[in-house]
$ cat final-v7.cif   # mmCIF, C-alpha atoms and all ligand atoms
data_work
loop_
_atom_site.label_atom_id
_atom_site.label_comp_id
_atom_site.auth_asym_id
_atom_site.auth_seq_id
_atom_site.Cartn_x
_atom_site.Cartn_y
_atom_site.Cartn_z
CA MET A 1 60.32 81.32 -41.57
CA PRO A 2 60.89 79.00 -44.55
CA PRO A 3 57.71 77.87 -46.29
CA TYR A 4 56.30 74.46 -45.64
CA THR A 5 56.87 71.67 -48.16
CA LEU A 6 54.37 68.98 -49.05
CA THR A 7 55.30 65.89 -51.03
CA TYR A 8 52.26 64.10 -52.39
CA PHE A 9 50.54 62.84 -55.51
CA ALA A 10 48.83 65.47 -57.70
CA ILE A 11 45.47 64.96 -56.03
CA LYS A 12 43.43 66.62 -53.28
CA GLY A 13 43.19 63.27 -51.49
CA ARG A 14 44.38 63.41 -47.90
CA CYS A 15 45.79 66.93 -48.23
CA GLY A 16 42.78 69.06 -49.10
CA ALA A 17 42.19 70.13 -45.48
CA LEU A 18 45.86 70.92 -44.94
CA ARG A 19 45.99 73.09 -48.07
CA ILE A 20 42.82 74.93 -46.99
CA LEU A 21 44.10 75.50 -43.43
CA LEU A 22 47.38 76.91 -44.73
CA ALA A 23 45.70 79.14 -47.31
CA ASP A 24 43.29 80.49 -44.69
CA ASN A 25 46.31 81.40 -42.55
CA GLY A 26 48.11 83.12 -45.41
CA GLN A 27 50.87 80.50 -45.44
CA GLN A 28 52.95 79.51 -48.44
CA LEU A 29 53.24 75.84 -49.38
CA ASN A 30 55.85 74.37 -51.69
CA GLU A 31 54.34 71.37 -53.43
CA ASN A 32 56.43 68.47 -54.61
CA MET A 33 54.07 66.49 -56.84
CA VAL A 34 55.07 62.84 -57.24
CA THR A 35 53.82 61.04 -60.36
CA TYR A 36 52.62 57.45 -60.12
CA GLU A 37 55.51 56.42 -62.42
CA GLU A 38 58.02 57.94 -59.98
CA TRP A 39 56.23 56.29 -57.07
CA MET A 40 56.27 52.86 -58.74
CA LYS A 41 60.09 52.94 -58.87
CA GLY A 42 59.95 52.35 -55.12
CA ASP A 43 62.77 54.50 -53.79
CA ILE A 44 60.48 57.29 -52.57
CA LYS A 45 58.25 54.71 -50.88
CA ALA A 46 61.30 53.17 -49.22
CA SER A 47 62.19 56.59 -47.79
CA CYS A 48 58.76 57.12 -46.17
CA VAL A 49 58.32 56.07 -42.53
CA PHE A 50 55.14 54.07 -43.27
CA GLY A 51 55.83 53.56 -46.99
CA GLN A 52 53.19 56.13 -47.93
CA LEU A 53 52.67 59.74 -48.87
CA PRO A 54 51.94 62.54 -47.94
CA LYS A 55 55.18 63.78 -46.44
CA PHE A 56 55.32 67.22 -44.85
CA GLN A 57 58.37 69.29 -43.99
CA ASP A 58 58.49 72.23 -41.61
CA GLY A 59 62.16 73.17 -41.52
CA ASP A 60 63.98 70.19 -40.04
CA LEU A 61 60.79 68.54 -38.89
CA VAL A 62 59.59 65.77 -41.22
CA LEU A 63 56.10 64.40 -40.72
CA PHE A 64 54.15 61.52 -42.20
CA GLN A 65 50.46 60.81 -41.52
CA SER A 66 48.07 63.47 -42.78
CA THR A 67 46.25 63.95 -39.47
CA ALA A 68 49.55 64.48 -37.61
CA MET A 69 50.25 67.23 -40.15
CA LEU A 70 46.85 68.81 -39.53
CA ARG A 71 47.40 68.72 -35.77
CA HIS A 72 50.88 70.22 -36.13
CA LEU A 73 49.50 73.10 -38.18
CA GLY A 74 46.52 73.48 -35.87
CA ARG A 75 48.94 73.91 -32.95
CA LYS A 76 51.15 76.36 -34.81
CA HIS A 77 48.40 78.50 -36.27
CA GLY A 78 45.92 78.79 -33.41
CA ALA A 79 43.46 76.24 -34.78
CA TYR A 80 43.56 73.76 -31.87
CA GLY A 81 41.18 75.35 -29.36
CA LYS A 82 41.71 77.71 -26.44
CA ASN A 83 42.46 75.14 -23.73
CA ASP A 84 43.10 71.42 -23.18
CA SER A 85 39.41 70.55 -23.03
CA GLU A 86 38.71 72.24 -26.35
CA ALA A 87 41.78 70.54 -27.83
CA SER A 88 40.47 67.14 -26.73
CA LEU A 89 37.03 67.85 -28.17
CA ILE A 90 38.67 68.93 -31.43
CA ASP A 91 40.60 65.63 -31.46
CA MET A 92 37.32 63.79 -30.93
CA MET A 93 35.60 65.62 -33.79
CA ASN A 94 38.56 65.08 -36.09
CA ASP A 95 38.57 61.35 -35.35
CA GLY A 96 34.89 61.35 -36.29
CA VAL A 97 35.70 63.08 -39.57
CA GLU A 98 38.45 60.51 -40.22
CA ASP A 99 36.05 57.60 -39.65
CA LEU A 100 33.81 58.98 -42.39
CA ARG A 101 36.76 59.83 -44.64
CA LEU A 102 37.98 56.23 -44.41
CA LYS A 103 34.54 54.95 -45.43
CA TYR A 104 34.63 57.35 -48.37
CA ILE A 105 38.16 56.27 -49.37
CA LYS A 106 37.16 52.60 -49.17
CA LEU A 107 34.21 53.30 -51.46
CA ILE A 108 36.35 55.21 -53.95
CA TYR A 109 39.27 52.77 -54.15
CA GLN A 110 37.63 49.41 -53.44
CA GLU A 111 33.95 49.25 -54.29
CA TYR A 112 32.83 52.32 -56.20
CA GLU A 113 30.46 50.69 -58.67
CA ALA A 114 29.01 48.09 -56.31
CA GLY A 115 28.90 50.29 -53.22
CA LYS A 116 27.95 53.80 -54.33
CA GLU A 117 24.19 53.48 -53.94
CA ALA A 118 24.40 51.96 -50.45
CA PHE A 119 27.00 54.54 -49.40
CA ILE A 120 24.76 57.44 -50.42
CA LYS A 121 21.76 55.85 -48.71
CA ASP A 122 23.73 55.47 -45.47
CA LEU A 123 25.46 58.85 -45.67
CA PRO A 124 22.82 60.85 -43.70
CA ASN A 125 23.42 58.56 -40.71
CA HIS A 126 27.08 59.59 -40.75
CA LEU A 127 26.38 63.29 -41.33
CA LYS A 128 23.77 63.54 -38.56
CA PRO A 129 26.27 63.74 -35.66
CA PHE A 130 28.07 66.67 -37.29
CA GLU A 131 24.75 68.38 -37.99
CA ALA A 132 23.75 67.97 -34.33
CA ILE A 133 27.04 69.36 -33.01
CA LEU A 134 27.01 72.35 -35.35
CA ALA A 135 23.36 73.09 -34.62
CA LYS A 136 24.06 72.99 -30.88
CA ASN A 137 27.27 75.00 -30.98
CA LYS A 138 25.93 78.21 -32.48
CA SER A 139 29.39 79.61 -33.28
CA GLY A 140 29.48 77.94 -36.71
CA PHE A 141 32.46 75.80 -35.64
CA LEU A 142 32.61 72.25 -34.32
CA VAL A 143 34.21 73.25 -31.02
CA GLY A 144 34.32 76.58 -29.18
CA ASP A 145 34.10 79.86 -31.02
CA GLN A 146 37.06 79.72 -33.36
CA ILE A 147 37.97 77.61 -36.38
CA SER A 148 40.02 74.46 -35.77
CA PHE A 149 41.80 71.91 -37.93
CA ALA A 150 38.79 69.61 -37.47
CA ASP A 151 36.59 72.24 -39.14
CA TYR A 152 38.94 72.37 -42.14
CA ASN A 153 38.95 68.58 -42.29
CA LEU A 154 35.15 68.34 -42.15
CA PHE A 155 34.81 71.13 -44.71
CA ASP A 156 37.16 69.39 -47.15
CA LEU A 157 35.37 66.06 -46.74
CA LEU A 158 31.94 67.69 -47.24
CA LEU A 159 33.16 69.33 -50.45
CA ASN A 160 34.22 65.88 -51.71
CA LEU A 161 30.97 64.27 -50.59
CA LYS A 162 29.01 66.98 -52.42
CA VAL A 163 30.69 65.88 -55.64
CA LEU A 164 29.65 62.27 -54.98
CA CYS A 165 26.14 63.29 -53.92
CA PRO A 166 25.35 66.93 -54.78
CA THR A 167 22.27 67.18 -52.54
CA CYS A 168 23.53 65.21 -49.52
CA PRO A 169 25.09 67.80 -47.19
CA ASP A 170 22.52 70.38 -48.27
CA THR A 171 19.65 68.51 -46.65
CA PHE A 172 21.19 69.38 -43.26
CA PRO A 173 20.76 73.12 -42.53
CA ALA A 174 23.65 73.49 -40.09
CA LEU A 175 26.02 71.57 -42.40
CA LYS A 176 24.93 73.64 -45.38
CA SER A 177 25.51 76.87 -43.48
CA PHE A 178 28.90 75.54 -42.27
CA VAL A 179 30.00 74.74 -45.83
CA ASP A 180 28.74 78.07 -47.20
CA LYS A 181 30.37 80.12 -44.44
CA THR A 182 33.71 78.31 -44.61
CA ALA A 183 33.78 78.57 -48.40
CA ALA A 184 33.13 82.31 -48.09
CA ARG A 185 36.19 83.00 -45.91
CA PRO A 186 38.14 85.22 -48.31
CA LYS A 187 41.39 83.23 -48.37
CA VAL A 188 39.55 79.91 -48.56
CA LYS A 189 37.44 81.27 -51.41
CA ALA A 190 40.58 82.39 -53.25
CA LEU A 191 42.15 78.93 -52.89
CA LEU A 192 39.01 77.10 -54.00
CA GLU A 193 38.80 79.34 -57.05
CA SER A 194 42.51 79.05 -57.94
CA ASP A 195 43.46 77.02 -61.01
CA ASP A 196 46.16 75.12 -59.08
CA PHE A 197 43.59 73.80 -56.63
CA LYS A 198 40.75 73.29 -59.10
CA LYS A 199 42.87 71.21 -61.46
CA LEU A 200 43.75 68.65 -58.77
CA PRO A 201 41.47 65.60 -58.98
CA ILE A 202 39.95 64.57 -55.67
CA ASN A 203 41.23 60.98 -55.82
CA GLY A 204 44.04 59.03 -57.45
CA ASN A 205 41.92 56.66 -59.54
CA GLY A 206 39.71 59.17 -61.37
CA LYS A 207 36.62 58.31 -59.30
CA GLN A 208 34.81 60.95 -57.29
C1 LIG B 301 47.45 56.87 -50.82
O1 LIG B 301 46.94 56.10 -47.85
O2 LIG B 301 46.50 58.56 -54.13
N1 LIG B 301 48.67 57.32 -48.82
C2 LIG B 301 48.56 56.76 -50.06
N2 LIG B 301 49.63 55.22 -51.53
C3 LIG B 301 50.76 54.61 -52.14
O3 LIG B 301 52.09 52.70 -52.06
N3 LIG B 301 47.25 57.19 -42.92
C4 LIG B 301 47.98 57.77 -44.02
C5 LIG B 301 47.84 59.29 -43.95
O4 LIG B 301 46.81 59.76 -43.46
C6 LIG B 301 47.43 57.26 -45.33
C7 LIG B 301 48.31 57.59 -46.47
C8 LIG B 301 47.68 57.28 -47.83
O5 LIG B 301 48.76 60.02 -44.32
S1 LIG B 301 46.62 58.40 -50.86
C9 LIG B 301 49.79 56.15 -50.60
O6 LIG B 301 50.87 56.52 -50.21
C10 LIG B 301 51.15 53.32 -51.51
O7 LIG B 301 50.56 52.91 -50.50
C11 LIG B 301 45.38 58.06 -52.08
C12 LIG B 301 45.96 57.74 -53.47
N4 LIG B 301 45.85 56.54 -53.92
C13 LIG B 301 46.30 56.18 -55.31
C14 LIG B 301 47.64 55.55 -55.22
C15 LIG B 301 48.84 56.11 -55.66
C16 LIG B 301 49.91 55.14 -55.60
C17 LIG B 301 49.34 53.97 -55.03
C18 LIG B 301 47.92 54.26 -54.73
C19 LIG B 301 47.18 54.65 -58.36
C20 LIG B 301 46.96 53.42 -57.77
C21 LIG B 301 48.11 52.69 -57.85
C22 LIG B 301 49.06 53.46 -58.46
C23 LIG B 301 48.52 54.63 -58.80
FE1 LIG B 301 48.43 54.39 -56.70
#
$ encode --input "final-v7.cif" --output "structure tokens" --more "lines below"
Ligand code: 6SG
Amino acid sequence: MPPYTLTYFAIKGRCGALRILLADNGQQLNENMVTYEEWMKGDIKASCVFGQLPKFQDGDLVLFQSTAMLRHLGRKHGAYGKNDSEASLIDMMNDGVEDLRLKYIKLIYQEYEAGKEAFIKDLPNHLKPFEAILAKNKSGFLVGDQISFADYNLFDLLLNLKVLCPTCPDTFPALKSFVDKTAARPKVKALLESDDFKKLPINGNGKQ
């Protein structure tokens, strides 16, 4: 099987979860890093279905939209639940993660200075639902008893939120345990500690 190829800016951004999922499954990823100068020329943008990166290639299959990529890899690597009901619950949890990720991205790119304090104050309200689900589902995963792409997505977002607000996720015991346990999975740990991953900034504008 040829390795997967990801074309994206040299940031964690919308591809942290995807990189973590692949690493945890022992999968190789070729990374095509696009510089902002290359992007500004416009021809790469013109070649993208929605005019945006990331782009993901699995053989002949070309995907845009980071959550479609996560779902694709979830399906292929057994991280999409054990039945249709679990799959639908995983979709629901991932949409919840995306709602919070979009709020975070808006803060980072549109209103960092003016909005940071209010964002941090409001953050517990957005973390509470994930805390409740994890506390109820004793497996340590959002849905069922095995890891899903939604878990990788939540984990990646929590790592980023911890940089913005070091104490925030830690005030929730189930979230803290979730982050600690996921980070301790041997292949995840190796990725997080690798220079290639560490050197990638979280966002494209230097804010975090
Ligand atoms: C931005 O938003 O870096 N893709 C981004 N931006 C370039 O011309 N729903 C999809 C998905 O989930 C969202 C894709 C996402 O896949 S990622 C993209 O393609 C564009 O729209 C975050 C990021 N932003 C910084 C950035 C790079 C190029 C334009 C924006 C920095 C700012 C301006 C130039 C360099 Fe810049």
$ residues_around --input "final-v7.cif" --residues "stretch 131-141 of chain A" --least-positions-apart "4" --cutoff "7 Å" --atoms "all atoms listed in the file" --output "ChimeraX atom specification"
/A:127,145-147,151,172,174-175,178
$ residues_near_ligand --input "final-v7.cif" --ligand "ligand LIG 301 (chain B)" --cutoff "10 Å" --atoms "all atoms listed in the file" --output "JSON, numbers by chain"
{"A": [8, 9, 10, 11, 12, 13, 14, 15, 34, 35, 36, 37, 38, 39, 40, 42, 44, 45, 46, 48, 50, 51, 52, 53, 54, 55, 56, 63, 64, 65, 66, 67, 68, 69, 70, 98, 102, 105, 108, 109, 201, 202, 203, 204, 205, 206]}
$ closest_residue --input "final-v7.cif" --among "A:Leu29, A:Leu123, A:Val188, A:Leu154" --to "A:Thr5" --atoms "all atoms listed in the file"
A:Leu29
$ closest_residue --input "final-v7.cif" --among "A:Gly144, A:Gly26, A:Pro124, A:Gly59" --to "A:Asp84" --atoms "all atoms listed in the file"
A:Gly144
$ atom_distance --input "final-v7.cif" --atom1 "atom CA of A:Phe119" --atom2 "atom CA of A:Lys106"
10.3 Å
$ atom_distance --input "final-v7.cif" --atom1 "atom CA of A:Pro173" --atom2 "atom CA of A:Arg101"
20.9 Å
$ closest_residue --input "final-v7.cif" --among "A:Gln57, A:Gln208, A:Ser88, A:Asn94" --to "A:Leu164" --atoms "only C-alpha atoms"
A:Gln208
$ residues_around --input "final-v7.cif" --residues "A:Asp122" --least-positions-apart "6" --cutoff "12 Å" --atoms "only C-alpha atoms" --output "ChimeraX atom specification"
/A:100,103-104,115-116,128,165,168
$ atom_distance --input "final-v7.cif" --atom1 "atom CA of A:Leu73" --atom2 "atom CA of A:Val49"
19.7 Å
$ residues_near_point --input "final-v7.cif" --point "(38.1, 74.9, -31.8)" --cutoff "9 Å" --atoms "all atoms listed in the file" --output "count of residues only"
20
$ closest_residue --input "final-v7.cif" --among "A:Leu192, A:Leu157, A:Ile120, A:Ala183" --to "A:Ala17" --atoms "only C-alpha atoms"
A:Leu157
$ closest_residue --input "final-v7.cif" --among "A:Asn153, A:Asn30, A:Asn160, A:Ser177" --to "A:Met93" --atoms "all atoms listed in the file"
A:Asn153
